[in-house]
file run_32.txt (compact mmCIF, N, CA and C atoms)
# COMPACT_ATOMS: atom_id res chain seq x y z
N MET J 388 18.82 -68.42 -157.24
CA MET J 388 19.93 -67.63 -157.73
C MET J 388 21.13 -68.56 -157.94
N ASP J 389 21.77 -68.47 -159.08
CA ASP J 389 22.89 -69.34 -159.36
C ASP J 389 24.17 -68.84 -158.69
N ASP J 390 25.21 -69.68 -158.70
CA ASP J 390 26.46 -69.38 -158.01
C ASP J 390 27.16 -68.16 -158.58
N GLU J 391 27.04 -67.95 -159.89
CA GLU J 391 27.69 -66.79 -160.52
C GLU J 391 27.09 -65.48 -160.00
N ASN J 392 25.78 -65.42 -159.88
CA ASN J 392 25.12 -64.22 -159.35
C ASN J 392 25.46 -64.00 -157.88
N LYS J 393 25.52 -65.08 -157.10
CA LYS J 393 25.87 -64.96 -155.68
C LYS J 393 27.29 -64.42 -155.52
N SER J 394 28.21 -64.92 -156.31
CA SER J 394 29.59 -64.44 -156.18
C SER J 394 29.71 -62.99 -156.65
N LEU J 395 28.94 -62.60 -157.65
CA LEU J 395 28.95 -61.22 -158.12
C LEU J 395 28.38 -60.29 -157.04
N ILE J 396 27.31 -60.71 -156.38
CA ILE J 396 26.73 -59.90 -155.30
C ILE J 396 27.71 -59.78 -154.14
N GLN J 397 28.38 -60.86 -153.79
CA GLN J 397 29.38 -60.81 -152.72
C GLN J 397 30.53 -59.88 -153.09
N LEU J 398 30.95 -59.92 -154.34
CA LEU J 398 32.03 -59.04 -154.80
C LEU J 398 31.59 -57.58 -154.73
N LEU J 399 30.36 -57.29 -155.14
CA LEU J 399 29.85 -55.93 -155.07
C LEU J 399 29.72 -55.44 -153.63
N LYS J 400 29.32 -56.31 -152.72
CA LYS J 400 29.23 -55.93 -151.30
C LYS J 400 30.61 -55.63 -150.73
N LYS J 401 31.61 -56.43 -151.10
CA LYS J 401 32.98 -56.16 -150.64
C LYS J 401 33.49 -54.84 -151.22
N PHE J 402 33.19 -54.58 -152.49
CA PHE J 402 33.59 -53.33 -153.12
C PHE J 402 32.95 -52.14 -152.41
N GLU J 403 31.66 -52.27 -152.14
CA GLU J 403 30.94 -51.19 -151.43
C GLU J 403 31.55 -50.94 -150.06
N ARG J 404 31.90 -51.98 -149.35
CA ARG J 404 32.50 -51.85 -148.01
C ARG J 404 33.87 -51.16 -148.09
N VAL J 405 34.66 -51.49 -149.10
CA VAL J 405 35.97 -50.85 -149.28
C VAL J 405 35.78 -49.36 -149.56
N ILE J 406 34.84 -49.03 -150.42
CA ILE J 406 34.57 -47.62 -150.74
C ILE J 406 34.16 -46.86 -149.48
N ILE J 407 33.27 -47.43 -148.68
CA ILE J 407 32.82 -46.79 -147.45
C ILE J 407 33.99 -46.62 -146.49
N LEU J 408 34.86 -47.60 -146.40
CA LEU J 408 36.05 -47.48 -145.54
C LEU J 408 36.97 -46.36 -146.01
N VAL J 409 37.17 -46.25 -147.31
CA VAL J 409 37.99 -45.17 -147.87
C VAL J 409 37.37 -43.82 -147.58
N ILE J 410 36.05 -43.70 -147.78
CA ILE J 410 35.36 -42.45 -147.49
C ILE J 410 35.46 -42.11 -146.01
N THR J 411 35.32 -43.09 -145.15
CA THR J 411 35.40 -42.86 -143.71
C THR J 411 36.80 -42.37 -143.33
N CYS J 412 37.83 -42.98 -143.87
CA CYS J 412 39.21 -42.53 -143.59
C CYS J 412 39.44 -41.12 -144.12
N ALA J 413 38.92 -40.83 -145.30
CA ALA J 413 39.06 -39.49 -145.86
C ALA J 413 38.33 -38.46 -145.00
N MET J 414 37.14 -38.82 -144.51
CA MET J 414 36.40 -37.91 -143.63
C MET J 414 37.16 -37.67 -142.33
N ALA J 415 37.77 -38.70 -141.79
CA ALA J 415 38.55 -38.55 -140.56
C ALA J 415 39.72 -37.59 -140.79
N LEU J 416 40.39 -37.73 -141.91
CA LEU J 416 41.50 -36.83 -142.23
C LEU J 416 41.02 -35.39 -142.38
N VAL J 417 39.91 -35.21 -143.09
CA VAL J 417 39.36 -33.86 -143.27
C VAL J 417 38.94 -33.27 -141.92
N LEU J 418 38.36 -34.07 -141.04
CA LEU J 418 37.97 -33.58 -139.72
C LEU J 418 39.18 -33.11 -138.92
N VAL J 419 40.26 -33.86 -138.98
CA VAL J 419 41.48 -33.45 -138.29
C VAL J 419 41.98 -32.13 -138.86
N LEU J 420 42.02 -32.02 -140.18
CA LEU J 420 42.52 -30.80 -140.81
C LEU J 420 41.63 -29.59 -140.52
N VAL J 421 40.32 -29.77 -140.57
CA VAL J 421 39.41 -28.66 -140.29
C VAL J 421 39.51 -28.24 -138.83
N THR J 422 39.67 -29.21 -137.92
CA THR J 422 39.83 -28.88 -136.51
C THR J 422 41.12 -28.10 -136.28
N LEU J 423 42.20 -28.51 -136.92
CA LEU J 423 43.45 -27.77 -136.82
C LEU J 423 43.31 -26.36 -137.40
N ASP J 424 42.57 -26.25 -138.51
CA ASP J 424 42.32 -24.94 -139.11
C ASP J 424 41.51 -24.05 -138.16
N LEU J 425 40.53 -24.63 -137.48
CA LEU J 425 39.73 -23.89 -136.51
C LEU J 425 40.60 -23.38 -135.37
N ILE J 426 41.44 -24.23 -134.84
CA ILE J 426 42.34 -23.83 -133.75
C ILE J 426 43.28 -22.72 -134.23
N TRP J 427 43.82 -22.88 -135.44
CA TRP J 427 44.72 -21.87 -136.00
C TRP J 427 44.00 -20.52 -136.18
N LEU J 428 42.76 -20.56 -136.65
CA LEU J 428 41.99 -19.34 -136.83
C LEU J 428 41.74 -18.65 -135.50
N ILE J 429 41.39 -19.41 -134.48
CA ILE J 429 41.17 -18.83 -133.15
C ILE J 429 42.45 -18.20 -132.62
N VAL J 430 43.56 -18.89 -132.73
CA VAL J 430 44.84 -18.36 -132.25
C VAL J 430 45.20 -17.08 -133.00
N GLN J 431 45.05 -17.09 -134.32
CA GLN J 431 45.37 -15.89 -135.11
C GLN J 431 44.47 -14.71 -134.73
N ASP J 432 43.18 -14.96 -134.59
CA ASP J 432 42.25 -13.88 -134.26
C ASP J 432 42.55 -13.30 -132.88
N ILE J 433 42.85 -14.16 -131.93
CA ILE J 433 43.19 -13.67 -130.59
C ILE J 433 44.51 -12.92 -130.61
N ARG J 434 45.47 -13.42 -131.37
CA ARG J 434 46.77 -12.74 -131.47
C ARG J 434 46.64 -11.37 -132.13
N ASP J 435 45.80 -11.29 -133.17
CA ASP J 435 45.64 -10.03 -133.90
C ASP J 435 44.75 -9.02 -133.17
N SER J 436 43.70 -9.50 -132.51
CA SER J 436 42.71 -8.59 -131.93
C SER J 436 42.69 -8.58 -130.41
N GLY J 437 43.40 -9.47 -129.78
CA GLY J 437 43.27 -9.61 -128.34
C GLY J 437 42.06 -10.47 -128.04
N LEU J 438 41.59 -10.41 -126.80
CA LEU J 438 40.47 -11.26 -126.40
C LEU J 438 39.12 -10.73 -126.88
N LEU J 439 39.07 -9.49 -127.33
CA LEU J 439 37.81 -8.93 -127.83
C LEU J 439 37.77 -9.08 -129.35
N LEU J 440 37.08 -10.10 -129.79
CA LEU J 440 36.99 -10.39 -131.21
C LEU J 440 35.86 -9.60 -131.86
N GLN J 441 36.03 -9.28 -133.12
CA GLN J 441 35.01 -8.57 -133.89
C GLN J 441 33.93 -9.55 -134.31
N ILE J 442 32.77 -9.01 -134.68
CA ILE J 442 31.63 -9.84 -135.07
C ILE J 442 31.98 -10.73 -136.26
N ASP J 443 32.66 -10.18 -137.27
CA ASP J 443 33.00 -10.99 -138.44
C ASP J 443 33.96 -12.12 -138.09
N GLN J 444 34.87 -11.87 -137.14
CA GLN J 444 35.78 -12.92 -136.69
C GLN J 444 35.00 -14.01 -135.95
N LEU J 445 34.07 -13.61 -135.10
CA LEU J 445 33.25 -14.59 -134.39
C LEU J 445 32.41 -15.42 -135.35
N LEU J 446 31.85 -14.77 -136.37
CA LEU J 446 31.05 -15.51 -137.35
C LEU J 446 31.90 -16.51 -138.12
N ASP J 447 33.14 -16.12 -138.46
CA ASP J 447 34.04 -17.06 -139.13
C ASP J 447 34.35 -18.25 -138.23
N ILE J 448 34.61 -17.97 -136.96
CA ILE J 448 34.92 -19.05 -136.01
C ILE J 448 33.72 -19.96 -135.82
N PHE J 449 32.54 -19.36 -135.61
CA PHE J 449 31.34 -20.18 -135.43
C PHE J 449 31.00 -20.97 -136.69
N GLY J 450 31.20 -20.37 -137.84
CA GLY J 450 30.95 -21.09 -139.10
C GLY J 450 31.85 -22.29 -139.25
N LEU J 451 33.12 -22.13 -138.92
CA LEU J 451 34.06 -23.25 -139.00
C LEU J 451 33.75 -24.28 -137.93
N PHE J 452 33.36 -23.82 -136.75
CA PHE J 452 32.98 -24.72 -135.68
C PHE J 452 31.79 -25.58 -136.10
N MET J 453 30.78 -24.95 -136.71
CA MET J 453 29.62 -25.69 -137.18
C MET J 453 30.00 -26.66 -138.29
N LEU J 454 30.96 -26.28 -139.12
CA LEU J 454 31.44 -27.17 -140.17
C LEU J 454 32.08 -28.42 -139.56
N VAL J 455 32.83 -28.24 -138.48
CA VAL J 455 33.41 -29.40 -137.77
C VAL J 455 32.29 -30.28 -137.23
N LEU J 456 31.25 -29.67 -136.65
CA LEU J 456 30.13 -30.46 -136.13
C LEU J 456 29.41 -31.23 -137.23
N ILE J 457 29.25 -30.61 -138.39
CA ILE J 457 28.64 -31.31 -139.53
C ILE J 457 29.50 -32.50 -139.92
N GLY J 458 30.80 -32.29 -139.98
CA GLY J 458 31.70 -33.38 -140.32
C GLY J 458 31.66 -34.51 -139.32
N VAL J 459 31.61 -34.17 -138.04
CA VAL J 459 31.53 -35.19 -136.99
C VAL J 459 30.22 -35.97 -137.12
N GLU J 460 29.14 -35.27 -137.37
CA GLU J 460 27.84 -35.94 -137.52
C GLU J 460 27.85 -36.86 -138.75
N LEU J 461 28.40 -36.40 -139.85
CA LEU J 461 28.52 -37.27 -141.04
C LEU J 461 29.39 -38.48 -140.76
N PHE J 462 30.52 -38.24 -140.11
CA PHE J 462 31.43 -39.33 -139.77
C PHE J 462 30.72 -40.35 -138.90
N GLU J 463 30.02 -39.86 -137.88
CA GLU J 463 29.32 -40.76 -136.98
C GLU J 463 28.24 -41.54 -137.70
N SER J 464 27.49 -40.87 -138.56
CA SER J 464 26.40 -41.57 -139.25
C SER J 464 26.93 -42.63 -140.20
N VAL J 465 28.00 -42.32 -140.91
CA VAL J 465 28.57 -43.32 -141.83
C VAL J 465 29.24 -44.44 -141.05
N PHE J 466 30.06 -44.07 -140.08
CA PHE J 466 30.83 -45.09 -139.36
C PHE J 466 29.93 -45.99 -138.52
N LYS J 467 29.12 -45.39 -137.68
CA LYS J 467 28.30 -46.20 -136.77
C LYS J 467 27.16 -46.90 -137.50
N SER J 468 26.41 -46.17 -138.30
CA SER J 468 25.23 -46.76 -138.92
C SER J 468 25.59 -47.74 -140.02
N TYR J 469 26.52 -47.37 -140.85
CA TYR J 469 26.80 -48.22 -142.00
C TYR J 469 27.77 -49.34 -141.68
N LEU J 470 28.89 -49.00 -141.09
CA LEU J 470 29.93 -50.00 -140.90
C LEU J 470 29.68 -50.92 -139.71
N GLN J 471 29.06 -50.41 -138.65
CA GLN J 471 28.94 -51.22 -137.44
C GLN J 471 27.61 -51.92 -137.30
N ARG J 472 26.53 -51.34 -137.83
CA ARG J 472 25.21 -51.90 -137.52
C ARG J 472 24.51 -52.46 -138.74
N GLU J 473 23.63 -51.63 -139.30
CA GLU J 473 22.67 -52.14 -140.27
C GLU J 473 23.17 -52.16 -141.70
N HIS J 474 24.31 -51.57 -141.96
CA HIS J 474 24.84 -51.44 -143.33
C HIS J 474 23.93 -50.57 -144.19
N THR J 475 23.23 -49.65 -143.56
CA THR J 475 22.43 -48.67 -144.27
C THR J 475 22.54 -47.34 -143.53
N LEU J 476 22.34 -46.27 -144.24
CA LEU J 476 22.30 -44.96 -143.60
C LEU J 476 20.87 -44.69 -143.18
N ARG J 477 20.68 -44.33 -141.92
CA ARG J 477 19.34 -44.05 -141.43
C ARG J 477 18.94 -42.64 -141.86
N VAL J 478 17.69 -42.51 -142.26
CA VAL J 478 17.17 -41.24 -142.76
C VAL J 478 17.23 -40.18 -141.68
N GLU J 479 16.97 -40.53 -140.43
CA GLU J 479 16.98 -39.53 -139.37
C GLU J 479 18.36 -38.92 -139.18
N LEU J 480 19.42 -39.70 -139.41
CA LEU J 480 20.76 -39.14 -139.30
C LEU J 480 21.06 -38.18 -140.44
N VAL J 481 20.56 -38.51 -141.62
CA VAL J 481 20.74 -37.61 -142.76
C VAL J 481 20.00 -36.29 -142.51
N ILE J 482 18.80 -36.37 -141.95
CA ILE J 482 18.04 -35.16 -141.64
C ILE J 482 18.74 -34.37 -140.54
N ALA J 483 19.29 -35.06 -139.54
CA ALA J 483 20.01 -34.37 -138.47
C ALA J 483 21.21 -33.60 -139.03
N VAL J 484 21.93 -34.21 -139.95
CA VAL J 484 23.06 -33.53 -140.59
C VAL J 484 22.56 -32.33 -141.39
N ALA J 485 21.44 -32.49 -142.07
CA ALA J 485 20.87 -31.37 -142.84
C ALA J 485 20.46 -30.23 -141.91
N ILE J 486 19.89 -30.56 -140.76
CA ILE J 486 19.51 -29.52 -139.80
C ILE J 486 20.75 -28.76 -139.33
N ILE J 487 21.81 -29.47 -139.04
CA ILE J 487 23.05 -28.82 -138.60
C ILE J 487 23.61 -27.96 -139.72
N ALA J 488 23.60 -28.48 -140.96
CA ALA J 488 24.16 -27.71 -142.08
C ALA J 488 23.36 -26.44 -142.35
N VAL J 489 22.04 -26.55 -142.32
CA VAL J 489 21.20 -25.37 -142.54
C VAL J 489 21.37 -24.38 -141.39
N SER J 490 21.46 -24.89 -140.18
CA SER J 490 21.68 -24.02 -139.02
C SER J 490 22.99 -23.28 -139.14
N ARG J 491 24.02 -23.96 -139.61
CA ARG J 491 25.31 -23.31 -139.81
C ARG J 491 25.18 -22.16 -140.80
N LYS J 492 24.50 -22.42 -141.89
CA LYS J 492 24.33 -21.39 -142.91
C LYS J 492 23.54 -20.20 -142.35
N ILE J 493 22.52 -20.49 -141.60
CA ILE J 493 21.71 -19.42 -141.02
C ILE J 493 22.52 -18.60 -140.04
N ILE J 494 23.37 -19.23 -139.26
CA ILE J 494 24.18 -18.53 -138.27
C ILE J 494 25.17 -17.58 -138.94
N ILE J 495 25.78 -18.01 -140.03
CA ILE J 495 26.84 -17.18 -140.62
C ILE J 495 26.34 -16.17 -141.64
N LEU J 496 25.05 -16.23 -142.01
CA LEU J 496 24.53 -15.25 -142.97
C LEU J 496 24.35 -13.89 -142.33
N ASP J 497 24.57 -12.85 -143.11
CA ASP J 497 24.28 -11.49 -142.69
C ASP J 497 22.88 -11.17 -143.19
N TRP J 498 21.89 -11.28 -142.32
CA TRP J 498 20.49 -11.24 -142.71
C TRP J 498 20.01 -9.89 -143.21
N LYS J 499 20.73 -8.84 -142.92
CA LYS J 499 20.27 -7.54 -143.42
C LYS J 499 20.46 -7.40 -144.93
N ASP J 500 21.20 -8.32 -145.53
CA ASP J 500 21.39 -8.32 -146.99
C ASP J 500 20.28 -9.06 -147.73
N TYR J 501 19.32 -9.66 -147.00
CA TYR J 501 18.29 -10.49 -147.62
C TYR J 501 16.91 -9.91 -147.35
N ASP J 502 15.98 -10.22 -148.24
CA ASP J 502 14.61 -9.73 -148.07
C ASP J 502 13.80 -10.67 -147.19
N SER J 503 12.57 -10.26 -146.90
CA SER J 503 11.73 -11.05 -145.99
C SER J 503 11.36 -12.41 -146.58
N GLY J 504 11.26 -12.51 -147.91
CA GLY J 504 10.96 -13.81 -148.54
C GLY J 504 12.03 -14.84 -148.26
N THR J 505 13.27 -14.41 -148.28
CA THR J 505 14.38 -15.32 -147.98
C THR J 505 14.33 -15.76 -146.52
N LEU J 506 13.99 -14.82 -145.63
CA LEU J 506 13.87 -15.15 -144.21
C LEU J 506 12.78 -16.19 -143.98
N PHE J 507 11.63 -16.00 -144.64
CA PHE J 507 10.54 -16.96 -144.49
C PHE J 507 10.91 -18.31 -145.09
N ALA J 508 11.62 -18.31 -146.20
CA ALA J 508 12.05 -19.57 -146.82
C ALA J 508 13.01 -20.32 -145.91
N ALA J 509 13.94 -19.61 -145.29
CA ALA J 509 14.88 -20.25 -144.36
C ALA J 509 14.13 -20.82 -143.16
N ALA J 510 13.17 -20.05 -142.65
CA ALA J 510 12.37 -20.53 -141.52
C ALA J 510 11.57 -21.78 -141.91
N ALA J 511 10.99 -21.76 -143.10
CA ALA J 511 10.21 -22.91 -143.57
C ALA J 511 11.10 -24.14 -143.73
N LEU J 512 12.31 -23.94 -144.21
CA LEU J 512 13.24 -25.05 -144.37
C LEU J 512 13.60 -25.66 -143.02
N VAL J 513 13.92 -24.83 -142.05
CA VAL J 513 14.27 -25.34 -140.72
C VAL J 513 13.07 -26.05 -140.08
N ILE J 514 11.90 -25.44 -140.17
CA ILE J 514 10.70 -26.05 -139.59
C ILE J 514 10.40 -27.39 -140.27
N SER J 515 10.54 -27.45 -141.59
CA SER J 515 10.27 -28.71 -142.32
C SER J 515 11.25 -29.80 -141.91
N LEU J 516 12.52 -29.47 -141.84
CA LEU J 516 13.52 -30.46 -141.44
C LEU J 516 13.28 -30.95 -140.01
N CYS J 517 13.01 -30.01 -139.12
CA CYS J 517 12.76 -30.39 -137.72
C CYS J 517 11.49 -31.21 -137.58
N ALA J 518 10.45 -30.85 -138.32
CA ALA J 518 9.20 -31.62 -138.28
C ALA J 518 9.43 -33.04 -138.82
N GLY J 519 10.18 -33.16 -139.91
CA GLY J 519 10.49 -34.47 -140.45
C GLY J 519 11.29 -35.31 -139.46
N PHE J 520 12.26 -34.70 -138.82
CA PHE J 520 13.07 -35.40 -137.81
C PHE J 520 12.17 -35.85 -136.66
N PHE J 521 11.30 -34.94 -136.18
CA PHE J 521 10.39 -35.28 -135.09
C PHE J 521 9.47 -36.44 -135.47
N LEU J 522 8.91 -36.39 -136.67
CA LEU J 522 8.01 -37.46 -137.10
C LEU J 522 8.74 -38.80 -137.22
N LEU J 523 9.96 -38.78 -137.74
CA LEU J 523 10.73 -40.03 -137.82
C LEU J 523 11.03 -40.59 -136.44
N ARG J 524 11.42 -39.72 -135.52
CA ARG J 524 11.72 -40.17 -134.15
C ARG J 524 10.45 -40.68 -133.47
N ALA J 525 9.33 -40.00 -133.67
CA ALA J 525 8.07 -40.42 -133.04
C ALA J 525 7.64 -41.79 -133.57
N ARG J 526 7.91 -42.03 -134.84
CA ARG J 526 7.57 -43.32 -135.43
C ARG J 526 8.48 -44.43 -134.90
N GLN J 527 9.73 -44.10 -134.63
CA GLN J 527 10.68 -45.11 -134.18
C GLN J 527 10.58 -45.40 -132.70
N LEU J 528 10.11 -44.46 -131.90
CA LEU J 528 10.04 -44.69 -130.46
C LEU J 528 9.16 -45.88 -130.09
N PRO J 529 7.97 -46.05 -130.68
CA PRO J 529 7.19 -47.25 -130.34
C PRO J 529 7.92 -48.55 -130.71
N LYS J 530 8.63 -48.54 -131.83
CA LYS J 530 9.39 -49.73 -132.24
C LYS J 530 10.49 -50.03 -131.23
N GLU J 531 11.22 -48.99 -130.79
CA GLU J 531 12.30 -49.18 -129.82
C GLU J 531 11.76 -49.64 -128.49
N ASN J 532 10.59 -49.12 -128.06
CA ASN J 532 10.00 -49.55 -126.79
C ASN J 532 9.55 -50.99 -126.86
N ASN J 533 9.02 -51.43 -128.01
CA ASN J 533 8.60 -52.83 -128.16
C ASN J 533 9.78 -53.76 -128.16
N GLU J 534 10.91 -53.34 -128.73
CA GLU J 534 12.10 -54.19 -128.77
C GLU J 534 12.72 -54.35 -127.39
N SER J 535 12.62 -53.32 -126.55
CA SER J 535 13.26 -53.38 -125.23
C SER J 535 12.45 -54.19 -124.23
N THR J 536 11.16 -54.45 -124.52
CA THR J 536 10.35 -55.21 -123.57
C THR J 536 10.35 -56.68 -123.89
call {"tool": "encode", "arguments": {"input": "run_32.txt", "output": "structure tokens"}}
result
Amino acid sequence: MDDENKSLIQLLKKFERVIILVITCAMALVLVLVTLDLIWLIVQDIRDSGLLLQIDQLLDIFGLFMLVLIGVELFESVFKSYLQREHTLRVELVIAVAIIAVSRKIIILDWKDYDSGTLFAAAALVISLCAGFFLLRARQLPKENNEST
């Protein structure tokens, strides 16, 4: 590889790192704002209804709470995996975020509005994601055990 190609690759790697840093900072800002929104929603609901919240209020709170967890998981996967270690996103972290996101959606849905086909599809999606996560972890455990010995 000639010097021109090497310098172009180095420039592209620096550009990629800057973009990831910008995305990470933006995610941190969004996480702070969503957390403040969650706290504000809880305070408003308690102020309006007292300590006995309605089901729809609880679903809104849990939905926003799960959204914060999804954001934290994304932040962790980008920050730790990409910036600190391998400079790649690990597939298992992406699947873990997908499991959390699908779980959030399942929690906040009003299931009586959907037919049995939708219920089976949601179940199949969760089972598929969890099975994929399990298989990835099972494949990595022997590698991790060999590295530690």
call {"tool": "residues_around", "arguments": {"input": "run_32.txt", "residues": "stretch 482-491 of chain J", "least_positions_apart": "3", "cutoff": "8 Å", "atoms": "all atoms listed in the file", "output": "ChimeraX atom specification"}}
result
/J:449-454,456-458,460-461,477-479,494-496,512-513,516-517,519-520
call {"tool": "closest_residue", "arguments": {"input": "run_32.txt", "among": "J:Val417, J:Val481, J:Ile493, J:Leu445", "to": "J:Ala509", "atoms": "only C-alpha atoms"}}
result
J:Ile493
call {"tool": "atom_distance", "arguments": {"input": "run_32.txt", "atom1": "atom C of J:Ile426", "atom2": "atom C of J:Asp447"}}
result
10.8 Å
call {"tool": "select_by_dssp", "arguments": {"input": "run_32.txt", "residues": "stretch 401-533 of chain J", "states": "alpha helix (DSSP H)", "output": "number ranges by chain"}}
result
J: 401-436, 442-463, 478-495, 503-533
call {"tool": "closest_residue", "arguments": {"input": "run_32.txt", "among": "J:Val421, J:Leu438, J:Leu506, J:Ser394", "to": "J:Val455", "atoms": "only C-alpha atoms"}}
result
J:Val421
